[in-house]
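The next block is data.csv, given as CSV, C-alpha atoms.
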```csv
chain,number,residue,atom,x,y,z
A,1,MET,CA,-9.7,2.3,-29.4
A,2,PRO,CA,-11.0,-0.1,-26.7
A,3,SER,CA,-9.3,-3.5,-26.6
A,4,THR,CA,-10.2,-6.9,-25.1
A,5,ILE,CA,-7.8,-8.5,-22.7
A,6,SER,CA,-8.2,-12.3,-22.1
A,7,CYS,CA,-7.0,-14.3,-19.1
A,8,ASP,CA,-7.9,-17.3,-17.0
A,9,VAL,CA,-8.5,-15.4,-13.8
A,10,ALA,CA,-9.2,-11.7,-13.3
A,11,ILE,CA,-8.8,-10.3,-9.8
A,12,VAL,CA,-10.4,-6.9,-9.1
A,13,GLY,CA,-8.7,-5.1,-6.3
A,14,GLY,CA,-4.9,-5.2,-5.6
A,15,GLY,CA,-5.1,-5.0,-1.9
A,16,LEU,CA,-4.1,-7.8,0.6
A,17,ALA,CA,-6.6,-10.3,-0.5
A,18,GLY,CA,-6.2,-9.8,-4.3
A,19,GLY,CA,-2.4,-9.7,-4.1
A,20,LEU,CA,-2.2,-12.9,-2.1
A,21,ILE,CA,-4.6,-14.7,-4.5
A,22,ALA,CA,-2.5,-13.6,-7.5
A,23,LEU,CA,0.7,-14.7,-5.7
A,24,ALA,CA,-0.7,-18.1,-4.7
A,25,ILE,CA,-2.0,-18.9,-8.2
A,26,ARG,CA,1.3,-17.9,-9.8
A,27,LYS,CA,3.2,-20.1,-7.4
A,28,LYS,CA,0.9,-23.2,-7.7
A,29,LYS,CA,-0.2,-22.8,-11.3
A,30,PRO,CA,2.4,-20.9,-13.3
A,31,ASP,CA,0.7,-21.6,-16.6
A,32,CYS,CA,-2.5,-19.9,-15.4
A,33,THR,CA,-2.9,-16.4,-16.8
A,34,VAL,CA,-3.9,-13.8,-14.2
A,35,ARG,CA,-4.7,-10.2,-14.4
A,36,LEU,CA,-4.7,-8.1,-11.2
A,37,ILE,CA,-6.7,-5.0,-11.7
A,38,GLU,CA,-6.1,-2.1,-9.3
A,39,GLY,CA,-7.3,1.5,-9.4
A,40,SER,CA,-4.2,3.0,-7.8
A,41,ALA,CA,-0.6,2.9,-8.8
A,42,ARG,CA,0.5,0.5,-6.2
A,43,ILE,CA,-0.4,-2.9,-4.8
A,44,GLY,CA,-1.4,-3.2,-1.1
A,45,GLY,CA,-2.1,0.4,-0.6
A,46,ASN,CA,-0.5,2.1,2.5
A,47,HIS,CA,-0.8,-0.5,5.2
A,48,LEU,CA,0.9,-2.6,7.8
A,49,TRP,CA,-0.4,-6.1,8.5
A,50,SER,CA,0.6,-8.2,11.5
A,51,PHE,CA,-0.2,-11.7,12.7
A,52,PHE,CA,0.8,-14.4,15.2
A,53,ALA,CA,2.7,-17.4,14.0
A,54,ASP,CA,-0.2,-19.7,14.9
A,55,ASP,CA,-2.5,-17.7,12.8
A,56,VAL,CA,-1.0,-19.2,9.7
A,57,ALA,CA,-1.0,-23.0,9.3
A,58,PRO,CA,2.3,-24.8,8.5
A,59,GLU,CA,1.0,-25.8,5.1
A,60,HIS,CA,0.4,-22.2,4.2
A,61,ARG,CA,3.7,-20.6,5.4
A,62,TRP,CA,5.2,-20.8,1.9
A,63,LEU,CA,2.8,-17.9,1.0
A,64,ALA,CA,3.3,-15.8,4.1
A,65,ALA,CA,7.1,-16.2,4.7
A,66,PRO,CA,8.4,-14.1,1.7
A,67,LEU,CA,6.2,-11.1,2.8
A,68,ILE,CA,7.5,-10.8,6.4
A,69,GLY,CA,9.6,-7.8,7.1
A,70,HIS,CA,9.8,-8.0,10.9
A,71,GLY,CA,9.5,-10.7,13.6
A,72,TRP,CA,9.6,-11.0,17.4
A,73,ASN,CA,9.6,-13.9,19.9
A,74,GLY,CA,7.1,-12.5,22.3
A,75,TYR,CA,4.9,-9.5,23.0
A,76,ASP,CA,3.6,-7.4,25.9
A,77,VAL,CA,0.2,-6.2,27.1
A,78,ALA,CA,-0.5,-3.6,29.7
A,79,PHE,CA,-3.6,-2.6,31.6
A,80,PRO,CA,-4.3,-0.5,34.7
A,81,GLY,CA,-4.3,-3.7,36.9
A,82,HIS,CA,-2.3,-6.2,34.8
A,83,PHE,CA,0.9,-6.4,32.8
A,84,ARG,CA,2.0,-9.5,31.0
A,85,THR,CA,4.6,-10.8,28.5
A,86,LEU,CA,3.4,-13.6,26.3
A,87,PRO,CA,5.8,-15.9,24.3
A,88,ALA,CA,4.0,-16.1,21.0
A,89,ARG,CA,5.9,-15.2,17.8
A,90,TYR,CA,4.6,-12.1,16.1
A,91,TYR,CA,5.3,-10.9,12.5
A,92,SER,CA,4.6,-7.8,10.4
A,93,VAL,CA,4.2,-7.2,6.7
A,94,GLU,CA,4.7,-3.7,5.2
A,95,SER,CA,2.8,-2.8,2.1
A,96,ASP,CA,5.9,-1.4,0.3
A,97,HIS,CA,7.5,-4.9,0.5
A,98,PHE,CA,4.2,-6.6,-0.4
A,99,ASP,CA,4.1,-4.4,-3.5
A,100,ARG,CA,7.6,-5.4,-4.5
A,101,VAL,CA,7.0,-9.1,-4.0
A,102,VAL,CA,3.7,-9.2,-6.0
A,103,ARG,CA,5.3,-7.1,-8.9
A,104,GLY,CA,8.3,-9.4,-9.0
A,105,ALA,CA,6.2,-12.6,-9.0
A,106,LEU,CA,3.6,-11.5,-11.5
A,107,GLY,CA,5.5,-9.3,-13.9
A,108,GLU,CA,4.1,-6.1,-15.5
A,109,LYS,CA,2.0,-7.8,-18.1
A,110,SER,CA,-0.2,-9.3,-15.4
A,111,LEU,CA,-0.8,-6.0,-13.6
A,112,LEU,CA,-3.4,-3.5,-14.7
A,113,LEU,CA,-2.6,-0.6,-12.4
A,114,GLU,CA,-4.4,2.7,-12.3
A,115,ARG,CA,-7.3,1.0,-14.1
A,116,GLU,CA,-10.8,1.4,-12.5
A,117,ALA,CA,-13.4,-1.4,-12.9
A,118,ALA,CA,-16.7,0.1,-14.1
A,119,ASP,CA,-18.7,-3.1,-14.1
A,120,ILE,CA,-18.1,-6.7,-13.1
A,121,THR,CA,-19.8,-10.0,-14.1
A,122,PRO,CA,-18.7,-13.5,-13.2
A,123,THR,CA,-16.6,-13.7,-16.3
A,124,ALA,CA,-15.7,-10.1,-17.4
A,125,VAL,CA,-14.6,-6.8,-16.1
A,126,ALA,CA,-15.5,-3.6,-18.0
A,127,LEU,CA,-12.8,-1.0,-17.3
A,128,ALA,CA,-13.6,2.7,-17.0
A,129,ASP,CA,-11.3,3.5,-19.9
A,130,GLY,CA,-13.4,1.3,-22.2
A,131,ASP,CA,-11.2,-1.8,-22.3
A,132,LEU,CA,-12.7,-5.2,-21.4
A,133,VAL,CA,-11.1,-8.0,-19.5
A,134,GLU,CA,-12.6,-11.4,-20.3
A,135,ALA,CA,-11.8,-14.3,-18.0
A,136,GLU,CA,-12.8,-17.8,-17.2
A,137,GLY,CA,-13.6,-16.4,-13.8
A,138,VAL,CA,-13.6,-13.1,-11.9
A,139,ILE,CA,-12.9,-12.5,-8.2
A,140,ASP,CA,-13.9,-9.2,-6.5
A,141,CYS,CA,-11.5,-8.2,-3.7
A,142,ARG,CA,-12.3,-4.5,-3.5
A,143,GLY,CA,-12.6,-4.0,0.3
A,144,VAL,CA,-15.7,-3.8,2.5
A,145,SER,CA,-19.1,-4.1,0.8
A,146,ASP,CA,-22.4,-2.4,1.9
A,147,THR,CA,-22.5,-3.2,5.7
A,148,SER,CA,-26.1,-2.3,6.3
A,149,ALA,CA,-27.0,-6.0,6.7
A,150,LEU,CA,-24.5,-6.4,9.5
A,151,GLN,CA,-24.5,-5.4,13.2
A,152,LEU,CA,-21.1,-3.7,13.6
A,153,GLY,CA,-18.8,-2.0,16.0
A,154,TRP,CA,-15.5,-0.7,14.8
A,155,GLN,CA,-11.8,-1.0,15.5
A,156,LYS,CA,-10.4,2.2,14.2
A,157,PHE,CA,-6.8,3.4,14.2
A,158,HIS,CA,-4.3,6.0,13.4
A,159,GLY,CA,-0.7,4.7,13.0
A,160,ALA,CA,2.5,6.6,12.6
A,161,GLU,CA,6.0,5.2,11.9
A,162,LEU,CA,8.4,7.3,13.8
A,163,ALA,CA,12.1,7.9,13.1
A,164,LEU,CA,13.8,8.6,16.4
A,165,SER,CA,17.0,10.6,17.0
A,166,ASP,CA,18.0,8.4,19.9
A,167,LEU,CA,17.7,4.8,20.9
A,168,HIS,CA,14.6,3.4,22.5
A,169,ASP,CA,14.6,0.5,25.0
A,170,VAL,CA,11.5,-1.5,23.7
A,171,THR,CA,12.5,-5.0,22.8
A,172,ARG,CA,9.1,-6.6,22.0
A,173,PRO,CA,5.8,-5.4,20.4
A,174,ILE,CA,3.3,-3.8,22.8
A,175,ILE,CA,0.2,-5.3,21.4
A,176,MET,CA,-2.1,-3.5,23.8
A,177,ASP,CA,-1.3,-0.7,26.2
A,178,GLY,CA,-4.6,-0.1,27.8
A,179,THR,CA,-3.2,2.2,30.5
A,180,VAL,CA,-3.8,5.2,28.4
A,181,PRO,CA,-6.8,7.5,29.1
A,182,GLN,CA,-10.0,5.8,27.8
A,183,ILE,CA,-11.6,7.8,25.1
A,184,ASP,CA,-14.4,7.0,22.5
A,185,GLY,CA,-14.8,3.4,23.7
A,186,TYR,CA,-11.9,1.0,24.5
A,187,ARG,CA,-8.7,2.8,23.7
A,188,PHE,CA,-5.2,1.3,23.6
A,189,VAL,CA,-1.8,2.1,22.0
A,190,TYR,CA,0.0,-0.5,19.8
A,191,CYS,CA,3.8,-0.3,19.4
A,192,LEU,CA,6.1,-2.2,17.1
A,193,PRO,CA,9.9,-1.6,17.5
A,194,PHE,CA,11.1,-2.0,13.9
A,195,SER,CA,14.7,-1.0,14.7
A,196,PRO,CA,16.5,0.6,17.6
A,197,THR,CA,15.6,4.0,16.2
A,198,ARG,CA,12.4,3.2,14.3
A,199,MET,CA,9.0,2.8,16.1
A,200,PHE,CA,5.5,2.3,14.8
A,201,VAL,CA,2.9,3.7,17.2
A,202,GLU,CA,-0.8,3.2,16.6
A,203,ASP,CA,-3.6,4.9,18.5
A,204,THR,CA,-6.5,2.4,18.4
A,205,TYR,CA,-10.2,2.4,19.5
A,206,TYR,CA,-13.0,-0.2,19.9
A,207,SER,CA,-15.7,2.4,19.1
A,208,ASP,CA,-19.3,2.5,18.2
A,209,THR,CA,-18.6,4.6,15.1
A,210,PRO,CA,-15.9,4.5,12.4
A,211,ALA,CA,-15.3,8.2,12.5
A,212,LEU,CA,-11.8,9.3,13.5
A,213,ASP,CA,-10.5,12.7,14.5
A,214,ILE,CA,-7.0,12.6,12.8
A,215,LEU,CA,-5.8,15.8,14.4
A,216,ALA,CA,-6.7,14.6,17.9
A,217,THR,CA,-5.2,11.1,17.4
A,218,GLY,CA,-2.0,12.6,16.0
A,219,ASP,CA,-1.7,14.7,19.1
A,220,ARG,CA,-2.2,11.6,21.3
A,221,ILE,CA,0.5,9.7,19.4
A,222,GLU,CA,2.9,12.6,19.9
A,223,ALA,CA,2.0,12.8,23.6
A,224,TYR,CA,2.5,9.0,24.0
A,225,ALA,CA,6.0,9.2,22.4
A,226,ASP,CA,6.9,12.1,24.6
A,227,ALA,CA,5.8,10.3,27.8
A,228,ALA,CA,7.9,7.3,26.7
A,229,GLY,CA,10.9,9.5,26.4
A,230,TRP,CA,11.3,8.9,22.6
A,231,LYS,CA,12.9,11.7,20.7
A,232,VAL,CA,11.0,11.9,17.4
A,233,ASP,CA,13.1,13.2,14.5
A,234,ARG,CA,10.4,12.8,11.8
A,235,VAL,CA,7.3,10.9,10.9
A,236,LEU,CA,8.1,8.4,8.1
A,237,ARG,CA,4.6,7.2,7.3
A,238,GLU,CA,1.0,7.4,8.6
A,239,GLU,CA,-2.0,5.3,8.0
A,240,VAL,CA,-5.6,5.4,9.2
A,241,GLY,CA,-8.4,2.9,9.0
A,242,SER,CA,-11.6,1.4,10.5
A,243,LEU,CA,-12.1,-2.3,10.7
A,244,PRO,CA,-15.5,-3.8,11.2
A,245,VAL,CA,-16.2,-5.8,14.3
A,246,ALA,CA,-19.1,-8.1,13.7
A,247,MET,CA,-21.8,-8.6,16.4
A,248,GLY,CA,-24.4,-10.2,14.1
A,249,GLY,CA,-26.3,-9.7,10.9
A,250,ASP,CA,-27.3,-11.4,7.7
A,251,HIS,CA,-24.3,-13.0,6.0
A,252,ALA,CA,-26.2,-13.9,2.8
A,253,ALA,CA,-27.5,-10.3,2.4
A,254,TYR,CA,-24.0,-8.9,2.9
A,255,TRP,CA,-22.6,-11.2,0.3
A,256,ALA,CA,-25.4,-10.4,-2.2
A,257,ALA,CA,-24.8,-6.7,-1.7
A,258,GLY,CA,-21.4,-7.1,-3.3
A,259,GLY,CA,-22.9,-8.5,-6.5
A,260,ARG,CA,-25.0,-11.6,-7.0
A,261,GLY,CA,-23.3,-14.6,-8.6
A,262,ILE,CA,-19.9,-12.9,-8.4
A,263,ALA,CA,-17.0,-14.6,-6.6
A,264,LYS,CA,-15.6,-12.5,-3.7
A,265,ALA,CA,-12.6,-12.6,-1.3
A,266,GLY,CA,-11.2,-10.6,1.5
A,267,MET,CA,-13.4,-8.1,3.4
A,268,LYS,CA,-15.8,-8.1,0.4
A,269,ALA,CA,-16.6,-11.7,1.3
A,270,GLY,CA,-16.8,-11.1,5.0
A,271,LEU,CA,-13.5,-12.9,5.6
A,272,PHE,CA,-12.2,-11.2,8.7
A,273,HIS,CA,-12.1,-12.2,12.4
A,274,PRO,CA,-15.4,-10.9,13.9
A,275,MET,CA,-13.8,-9.7,17.1
A,276,THR,CA,-10.5,-8.2,16.0
A,277,GLY,CA,-11.4,-7.2,12.4
A,278,TYR,CA,-8.1,-8.7,11.2
A,279,SER,CA,-8.1,-10.2,7.8
A,280,PHE,CA,-4.5,-11.4,7.1
A,281,PRO,CA,-5.0,-15.1,8.3
A,282,ASP,CA,-8.2,-15.4,6.3
A,283,ALA,CA,-6.6,-13.9,3.3
A,284,ILE,CA,-3.8,-16.4,3.4
A,285,ARG,CA,-6.2,-19.4,3.8
A,286,THR,CA,-8.4,-18.1,1.0
A,287,ALA,CA,-5.6,-17.6,-1.4
A,288,ALA,CA,-4.3,-21.1,-0.8
A,289,LEU,CA,-7.8,-22.5,-1.3
A,290,ILE,CA,-8.1,-20.8,-4.6
A,291,ALA,CA,-4.7,-21.8,-5.7
A,292,ASP,CA,-5.6,-25.5,-5.2
A,293,ALA,CA,-8.9,-25.3,-7.0
A,294,ARG,CA,-9.3,-27.1,-10.3
A,295,ASP,CA,-12.2,-25.1,-11.8
A,296,TYR,CA,-11.7,-21.4,-12.3
A,297,SER,CA,-15.0,-20.7,-14.0
A,298,GLY,CA,-17.0,-17.8,-12.6
A,299,GLU,CA,-19.8,-20.1,-11.3
A,300,ALA,CA,-17.4,-22.6,-9.6
A,301,LEU,CA,-15.4,-19.8,-8.0
A,302,HIS,CA,-18.6,-18.2,-6.7
A,303,GLN,CA,-19.9,-21.4,-5.2
A,304,MET,CA,-16.6,-22.3,-3.6
A,305,LEU,CA,-15.9,-18.9,-2.0
A,306,TYR,CA,-19.5,-18.4,-0.9
A,307,GLY,CA,-19.6,-21.8,0.7
A,308,TYR,CA,-16.2,-21.1,2.4
A,309,SER,CA,-17.3,-17.7,3.7
A,310,ARG,CA,-20.7,-19.0,4.8
A,311,GLY,CA,-19.1,-21.9,6.7
A,312,LEU,CA,-16.7,-19.6,8.6
A,313,TRP,CA,-19.6,-17.2,9.4
A,314,ARG,CA,-21.5,-20.1,11.0
A,315,LYS,CA,-18.4,-21.3,12.9
A,316,ARG,CA,-17.6,-17.9,14.3
A,317,GLY,CA,-20.8,-17.2,16.2
A,318,PHE,CA,-18.9,-17.3,19.5
A,319,TYR,CA,-16.7,-14.4,18.5
A,320,ARG,CA,-19.7,-12.3,17.3
A,321,MET,CA,-21.4,-13.0,20.7
A,322,LEU,CA,-18.3,-11.7,22.5
A,323,ALA,CA,-18.2,-8.6,20.3
A,324,ALA,CA,-21.8,-7.9,21.2
A,325,MET,CA,-21.0,-8.3,24.9
A,326,LEU,CA,-18.1,-5.9,24.5
A,327,PHE,CA,-20.0,-3.2,22.7
A,328,LYS,CA,-23.5,-3.6,24.2
A,329,ALA,CA,-22.9,-4.8,27.8
A,330,ALA,CA,-19.9,-2.7,28.8
A,331,GLU,CA,-19.9,1.1,29.2
A,332,PRO,CA,-17.5,2.5,26.6
A,333,GLU,CA,-15.0,3.7,29.3
A,334,GLU,CA,-15.2,0.3,31.0
A,335,ARG,CA,-14.6,-1.9,28.0
A,336,TYR,CA,-10.9,-2.2,28.8
A,337,ARG,CA,-11.9,-4.4,31.7
A,338,VAL,CA,-13.1,-7.1,29.3
A,339,LEU,CA,-9.7,-7.3,27.6
A,340,GLU,CA,-7.8,-7.0,30.9
A,341,ARG,CA,-9.6,-10.1,32.1
A,342,PHE,CA,-9.1,-11.9,28.8
A,343,TYR,CA,-5.3,-11.4,29.0
A,344,ARG,CA,-5.2,-13.2,32.4
A,345,LEU,CA,-6.2,-16.4,30.7
A,346,ASP,CA,-4.0,-19.3,29.4
A,347,ALA,CA,-1.5,-18.2,26.7
A,348,GLY,CA,-2.6,-21.1,24.5
A,349,LEU,CA,-6.2,-20.1,24.7
A,350,ILE,CA,-5.3,-16.5,23.7
A,351,GLN,CA,-3.4,-17.7,20.7
A,352,ARG,CA,-6.2,-20.0,19.6
A,353,PHE,CA,-8.6,-17.1,20.0
A,354,TYR,CA,-6.7,-14.9,17.6
A,355,ALA,CA,-6.3,-17.7,15.1
A,356,GLY,CA,-10.1,-18.2,15.2
A,357,GLN,CA,-9.6,-21.8,16.5
A,358,SER,CA,-11.1,-21.6,20.0
A,359,THR,CA,-11.9,-25.1,21.4
A,360,PHE,CA,-15.1,-25.9,23.3
A,361,GLY,CA,-13.0,-25.8,26.5
A,362,ASP,CA,-11.7,-22.3,25.6
A,363,ARG,CA,-15.2,-21.0,25.1
A,364,VAL,CA,-16.3,-22.3,28.4
A,365,ARG,CA,-13.3,-20.8,30.1
A,366,VAL,CA,-13.8,-17.4,28.5
A,367,LEU,CA,-17.4,-17.3,29.7
A,368,SER,CA,-16.9,-18.8,33.1
A,369,GLY,CA,-16.2,-16.9,36.4
A,370,LYS,CA,-17.3,-13.5,37.4
A,371,PRO,CA,-17.9,-11.5,34.2
A,372,PRO,CA,-16.3,-8.0,33.8
A,373,VAL,CA,-19.7,-6.6,32.7
A,374,PRO,CA,-23.1,-6.6,34.3
A,375,VAL,CA,-24.8,-10.0,33.9
A,376,GLY,CA,-28.1,-8.6,32.9
A,377,ARG,CA,-26.6,-6.4,30.2
A,378,ALA,CA,-24.5,-9.3,29.0
A,379,LEU,CA,-27.6,-11.5,28.5
A,380,SER,CA,-29.4,-8.6,26.9
A,381,ALA,CA,-26.6,-8.1,24.4
A,382,ILE,CA,-26.6,-11.8,23.5
A,383,TRP,CA,-30.4,-11.8,23.1
A,384,SER,CA,-30.3,-8.7,20.9
A,385,ARG,CA,-28.3,-10.5,18.3
```
For this file, write the structure as structure tokens.
Amino acid sequence: MPSTISCDVAIVGGGLAGGLIALAIRKKKPDCTVRLIEGSARIGGNHLWSFFADDVAPEHRWLAAPLIGHGWNGYDVAFPGHFRTLPARYYSVESDHFDRVVRGALGEKSLLLEREAADITPTAVALADGDLVEAEGVIDCRGVSDTSALQLGWQKFHGAELALSDLHDVTRPIIMDGTVPQIDGYRFVYCLPFSPTRMFVEDTYYSDTPALDILATGDRIEAYADAAGWKVDRVLREEVGSLPVAMGGDHAAYWAAGGRGIAKAGMKAGLFHPMTGYSFPDAIRTAALIADARDYSGEALHQMLYGYSRGLWRKRGFYRMLAAMLFKAAEPEERYRVLERFYRLDAGLIQRFYAGQSTFGDRVRVLSGKPPVPVGRALSAIWSR
């Protein structure tokens, strides 16, 4: 017989955004009852999230620190005409560990796993099995919404965690190896040395479409490992995905497509870096914002999160303009030149760019000098937005 479950906050979607919000509320407001609703049997899915130290503000590190599984004091980039090592600290979070941390903090009573949401209102979630979750407020964190209101390119990827039968000699992450053959837009390989015999290799594309040929990318990962001299014993884990890269669009329409009057967070709220598609820094900031809120009513949560998302959308027009130039002004096989030029700039500028905190001077510097794309096409790309 259907039952009613009552709580203060119901979070729909146990991915990165939903899990972080639940963690933050539990830490800051232990007396607040939370229900984290997730359709699958695990929290965080099958993912790896990475970020630079400067992406997370000092006042928010309490939330990120327990999740970190790997860290390095620098990283490399490589292009046909440029190689560079940068000193920024870099961290990775694995979804298996994320799942354990969230479970340990919330307890089983707060987790409604393998429970699909059939309908959502600002204060209730009807589950597919007939149960009803009633809350002071509901937050929808179920991934990307209808993207038809946005102008998008895509950063798509196929990653494989490789167990090696011999030692490798990589000491730092390779954030971008753009020396590989250019296919389907700007292609690069991303490598994380988890241990002397464990390597994560990701074949990544800045592409016009989200479609990914898994067999082909799997072959390319294997070929990359062979060329590096890595002896692969077995593949421990694989993941694939397509992240939106925003060139423009109607933020209000995108938000409304996810449900009018319903609070949203994560990709559902458009909270991702327009140029990189990464959402970890925004998810940390959003979770901390919610944890500090005093009013968890559905209306208050909606107004706060819509205002926050809308404000970031307005501030990030510069990054959307750059995304438009990358996708519309450069020929797909020549897009790597844009990133190659970018990685010749000041290290501090690069870090502020990834953190979404580019100064006015940074923006002038990025746009100054001889552009790596035809000027006429660059202006056309900006105008088309």
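The list of residues with at least one atom within 12 Å of Asp166 in chain A, based on all atoms listed in the file and without residues fewer than 4 positions apart in the same chain, reads Leu162, Ser195, Pro196, Thr197, Arg198, Met199, Gly229, Trp230, Lys231, Val232, Asp233 and Arg234 of chain A.
Comparing the minimum interatomic distances between Ser3 in chain A and each of A:Leu192, A:Leu127, A:Ile43, A:Ala283, counting all atoms listed in the file, we find that A:Leu127 sits nearest.
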Neighbour list for Gly44 in chain A as an mmCIF file with C-alpha atoms, in the frame of the given file, cut-off 10 Å, only C-alpha atoms, skip fewer than 2 positions in-chain:
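Ended up saving to around-v9.cif:
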```
data_model
loop_
_atom_site.group_PDB
_atom_site.id
_atom_site.type_symbol
_atom_site.label_atom_id
_atom_site.label_comp_id
_atom_site.auth_asym_id
_atom_site.auth_seq_id
_atom_site.Cartn_x
_atom_site.Cartn_y
_atom_site.Cartn_z
ATOM 1 C CA GLY A 13 -8.700 -5.100 -6.300
ATOM 2 C CA GLY A 14 -4.900 -5.200 -5.600
ATOM 3 C CA GLY A 15 -5.100 -5.000 -1.900
ATOM 4 C CA LEU A 16 -4.100 -7.800 0.600
ATOM 5 C CA ALA A 17 -6.600 -10.300 -0.500
ATOM 6 C CA GLY A 18 -6.200 -9.800 -4.300
ATOM 7 C CA GLY A 19 -2.400 -9.700 -4.100
ATOM 8 C CA LEU A 20 -2.200 -12.900 -2.100
ATOM 9 C CA GLU A 38 -6.100 -2.100 -9.300
ATOM 10 C CA SER A 40 -4.200 3.000 -7.800
ATOM 11 C CA ALA A 41 -0.600 2.900 -8.800
ATOM 12 C CA ARG A 42 0.500 0.500 -6.200
ATOM 13 C CA ASN A 46 -0.500 2.100 2.500
ATOM 14 C CA HIS A 47 -0.800 -0.500 5.200
ATOM 15 C CA LEU A 48 0.900 -2.600 7.800
ATOM 16 C CA GLU A 94 4.700 -3.700 5.200
ATOM 17 C CA SER A 95 2.800 -2.800 2.100
ATOM 18 C CA ASP A 96 5.900 -1.400 0.300
ATOM 19 C CA HIS A 97 7.500 -4.900 0.500
ATOM 20 C CA PHE A 98 4.200 -6.600 -0.400
ATOM 21 C CA ASP A 99 4.100 -4.400 -3.500
ATOM 22 C CA ARG A 100 7.600 -5.400 -4.500
ATOM 23 C CA VAL A 102 3.700 -9.200 -6.000
#
```
(Q) What does the structure give for the distance between CA of Trp49 in chain A and CA of Ile11 in chain A, in Å to one decimal? (A) 20.6 Å
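Distances from A:Ile262, A:Val338, A:Gly107, A:Tyr308 to Ile120 in chain A were compared using all atoms listed in the file, and the smallest one belongs to A:Ile262.
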Q.
Applying 12 Å and all atoms listed in the file, which residues near Thr276 in chain A remain after dropping the ones on its own chain fewer than 2 positions away? List them as an NGL selection string.
A. :A and (50-51 or 152-156 or 204-206 or 242-247 or 271-274 or 278-281 or 319-320 or 322-323 or 326 or 339 or 353-356)
Q | Length of the CA of Leu106 in chain A to CA of Asp8 in chain A vector [Å] | A | 14.0 Å
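The gap separating CA of Arg337 in chain A from CA of Ile175 in chain A is 15.9 Å, in Å to one decimal.
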**Q.** Selection as a VMD selection string: residues within 10 Å of (-16.2, -14.4, -9.4), counting only C-alpha atoms
**A.** chain A and resid 9 to 12 120 to 124 135 to 141 259 to 265 296 to 306
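Taking only C-alpha atoms into account, Gly241 in chain A lies nearest to A:His158 out of the set A:Arg310, A:His158, A:Arg187, A:Arg172.
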Q.
Calculated over all atoms listed in the file, which of the candidates A:Cys191, A:Met176, A:Ala64, A:Ala126 has the smallest distance to Tyr343 in chain A?
A.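 Nearest candidate to Tyr343 in chain A out of A:Cys191, A:Met176, A:Ala64, A:Ala126: A:Met176.
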